[in-house]
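Below is one structure, written out as structure tokens, with a few remarks after it.
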Amino acid sequence: MREQLEQIRAQALEQLGDAATPEQIEAVRVRVLGRSGELTEIMRRMPEVPREERPAIGRLVNEIKTQIEERIAVLSEQLKRLAMERSLVEARIDVTLPGLNVPRGWLHPVTQSRERMLDILESMGFEVVETPDIEDDFHNFGALNFPPDHPAREMQDTFFLFGGLLLRTHTSNGQIRVMEQRKPPLAIVCPGNCYRPDELTVRSSPMFGQIEGFMIDRAGVITMAHLKGVLTEFLRAFFGPESAVRFRASFFPFTEPSAEVDISCLLCGGSGCRVCKQSGWTEILGAGMIHPNVLRAVGYDPEEYQGFAFGMGVERTALLKLGVEDMRLFFENDLRFLRQFRSGEAVS
Ligand SMILES: [Zn+2]
């Protein structure tokens with residue numbers, strides 16, 4: 001029996017030495033120390049042992065049992081530590097690795113230009129007011145002194161909608177909308193998109209941004225001189241203080257007198273080049289003193305109030321400022337083009 005016990009001990013220790021998982025250790029424990037395990041069986045057979053040998057066999061059984069239990073405890077602890085070390089190695093976070101690059105957007109170059117234009121105008125005392133893109137004939141044409149047979153009212157020049165509505169062809173509707181609701185003194189700019197059935201070309205687009213501005217006060221307070229001063233100041237703030245500004249007599253239904261405003265060519269500085277067709281000048285906006293009929297249309301007395309108005313294209317002004325030669329680039333949104341203008345205010 002002593003021999004048998006030594007065999008059980010040797011086999012158990014050998015198997016524990018090979019055990020690599022908690023399950024394998026548990027299997028050895030059950031087979032040797034379990035309720036019907038090998039040592040338990042030996043104890044059951046104790047009556048077979050001669051009386052004088054029983055104490056020695058009993059001690060040996062206990063010794064083997066204790067030895068195996070201790071070995072199991074040590075092995076289990078080792079396995080647990082190994083498993084934890086492995087999980088620490090596998091789940092290690094390297095805090096020195098560079099982070100994920102989250103790309104940041106930036107404002108479209110046309111938006112950047114429009115924001116800059118509005119910033120300058122606001123700094124000069126103008127208030128920004130948004131007005132509707134969808135208009136009726138009165139606010140887009142009638143109140144602005146367009147005669148009933150004016151060619152702008154033809155189908156090929158205006159997007160007409162259902163129910164007598166249309167997509168505004170200019171932001172001048174903003175002038176009417178604001179004047180209907182408020183009384184002078186007024187210094188307002190109305191930015192927004194306008195629509196005309198034009199092809200998308202190098203210089204034109206069926207949808208384009210405009211900024212309409214106007215300033216009205218009691219008759220005699222606001223004159224053509226103020227118009228020239230405000231626009232010259234604005235254009236020099238936007239294009240640079242060295243820009244020359246020129247006013248030419250023109251005609252619009254809603255202003256009288258009317259002027260077209262040129263700035264010295266940004267490319268040649270006024271000496272003449274291909275872009276300015278050797279004139280040294282680039283047309284930049286239209287302006288004038290608000291026509292008395294426009295004032296009457298909103299219930300103002302032209303004897304009492306007087307003011308000026310101006311309007312300019314946003315994309316066209318951005319083209320000149322940024323030195324872009326083709327307006328279509330603004331609408332195609334090719335990132336290779338847009339990336340050149342990411343110096344502007346970033347948006348997340
Ligand atoms: Zn030029």
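In the structure tokens, chains take the letters A, B, ... in the order shown, each chain's residues start at 1, and ligands count up from 1 in the order shown.
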Any chance you could tabulate, as a tab-separated table, the residues of chain A at most 7 Å from ligand 1 with each one's nearest atom pair and distance in Å to one decimal, using only C-alpha atoms and all ligand atoms, in chain and rising number order?
residue	atom	partner	partner_atom_place_in_ligand_line	distance
A:Cys265	CA	ligand 1	1 (Zn)	4.4
A:Leu266	CA	ligand 1	1 (Zn)	6.5
A:Leu267	CA	ligand 1	1 (Zn)	5.0
A:Cys268	CA	ligand 1	1 (Zn)	4.1
A:Gly269	CA	ligand 1	1 (Zn)	6.3
A:Gly270	CA	ligand 1	1 (Zn)	5.8
A:Ser271	CA	ligand 1	1 (Zn)	6.5
A:Gly272	CA	ligand 1	1 (Zn)	4.4
A:Cys273	CA	ligand 1	1 (Zn)	4.0
A:Arg274	CA	ligand 1	1 (Zn)	6.3
A:Val275	CA	ligand 1	1 (Zn)	5.4
A:Cys276	CA	ligand 1	1 (Zn)	4.2
A:Lys277	CA	ligand 1	1 (Zn)	6.9
A:Gln278	CA	ligand 1	1 (Zn)	6.1
A:Ser279	CA	ligand 1	1 (Zn)	6.9
A:Gly280	CA	ligand 1	1 (Zn)	4.7
A:Trp281	CA	ligand 1	1 (Zn)	6.6
Nearest to Glu283 (chain A), restricted to only C-alpha atoms and choosing among A:Pro103, A:Gly313, A:Gly213, A:Pro257, comes out as A:Gly313
Proximity check region 81-148 of chain A to region 239-246 of chain A, 12 Å, nearest pairs one decimal Å, only C-alpha atoms, as CSV:
residue,atom,partner,partner_atom,distance
A:Ser113,CA,A:Phe239,CA,10.8
A:Arg116,CA,A:Phe239,CA,10.8
A:Met117,CA,A:Phe239,CA,10.1
A:Ile120,CA,A:Phe239,CA,11.3
Keeping only C-alpha atoms, write those residues as an mmCIF file, in the first residue's frame.
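selection.cif was written with the following content:
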data_model
loop_
_atom_site.group_PDB
_atom_site.id
_atom_site.type_symbol
_atom_site.label_atom_id
_atom_site.label_comp_id
_atom_site.auth_asym_id
_atom_site.auth_seq_id
_atom_site.Cartn_x
_atom_site.Cartn_y
_atom_site.Cartn_z
ATOM 1 C CA SER A 113 -15.538 86.527 -48.876
ATOM 2 C CA ARG A 116 -15.595 89.582 -44.826
ATOM 3 C CA MET A 117 -17.791 91.910 -46.893
ATOM 4 C CA ILE A 120 -16.739 95.566 -43.140
#
Extract, using only C-alpha atoms, all DNA, RNA and protein residues at most 9 Å from Met1 (chain A), discarding same-chain residues fewer than 4 positions from it, and format them as a list in words.
->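 Once the adjacent positions are removed, what remains is Leu5, Glu6, Ile42, Val49 and Ile57 of chain A.
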Write to file, as a compact mmCIF listing (two decimals), in the first residue's frame, the residues of the selection just made, with N, CA and C atoms.
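Resulting contents of part19.txt:
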# COMPACT_ATOMS: atom_id res chain seq x y z
N LEU A 5 0.76 4.28 -2.66
CA LEU A 5 0.66 5.69 -2.29
C LEU A 5 1.77 6.51 -2.95
N GLU A 6 2.99 5.98 -2.93
CA GLU A 6 4.10 6.70 -3.55
C GLU A 6 3.85 6.86 -5.05
N ILE A 42 -8.01 4.78 -0.94
CA ILE A 42 -7.01 4.17 -0.07
C ILE A 42 -7.50 4.20 1.39
N VAL A 49 -5.30 -2.80 6.21
CA VAL A 49 -3.91 -2.60 6.65
C VAL A 49 -3.72 -3.20 8.05
N ILE A 57 0.72 4.63 7.69
CA ILE A 57 0.02 4.81 6.42
C ILE A 57 -0.85 6.06 6.47
Using only C-alpha atoms: which of A:Ala309, A:Leu82, A:Leu118, A:Ile93 has the shortest distance to Pro22 (chain A) | A:Leu82
Against region 180-187 of chain A, which residues of region 258-313 of chain A fall within 10 Å? For each one I want the closest pair of atoms and the distance in Å (one decimal), counting only C-alpha atoms, rows by chain and increasing residue number, as a tab-separated table.
residue	atom	partner	partner_atom	distance
A:Leu295	CA	A:Glu180	CA	9.7
A:Ala297	CA	A:Glu180	CA	8.8
A:Val298	CA	A:Glu180	CA	5.3
A:Gly299	CA	A:Glu180	CA	7.5
A:Tyr300	CA	A:Lys183	CA	8.3
A:Tyr305	CA	A:Pro184	CA	7.6
A:Gln306	CA	A:Pro184	CA	9.2
A:Gly307	CA	A:Leu186	CA	8.9
A:Phe308	CA	A:Ala187	CA	9.7
A:Ala309	CA	A:Ala187	CA	9.7
Using only C-alpha atoms, which residues sit within 10 Å of region 152-162 of chain A once same-chain residues fewer than 5 positions away are excluded, as number ranges by chain?
-> A: 134-137, 140-142, 146-147, 167-169, 195-198, 206
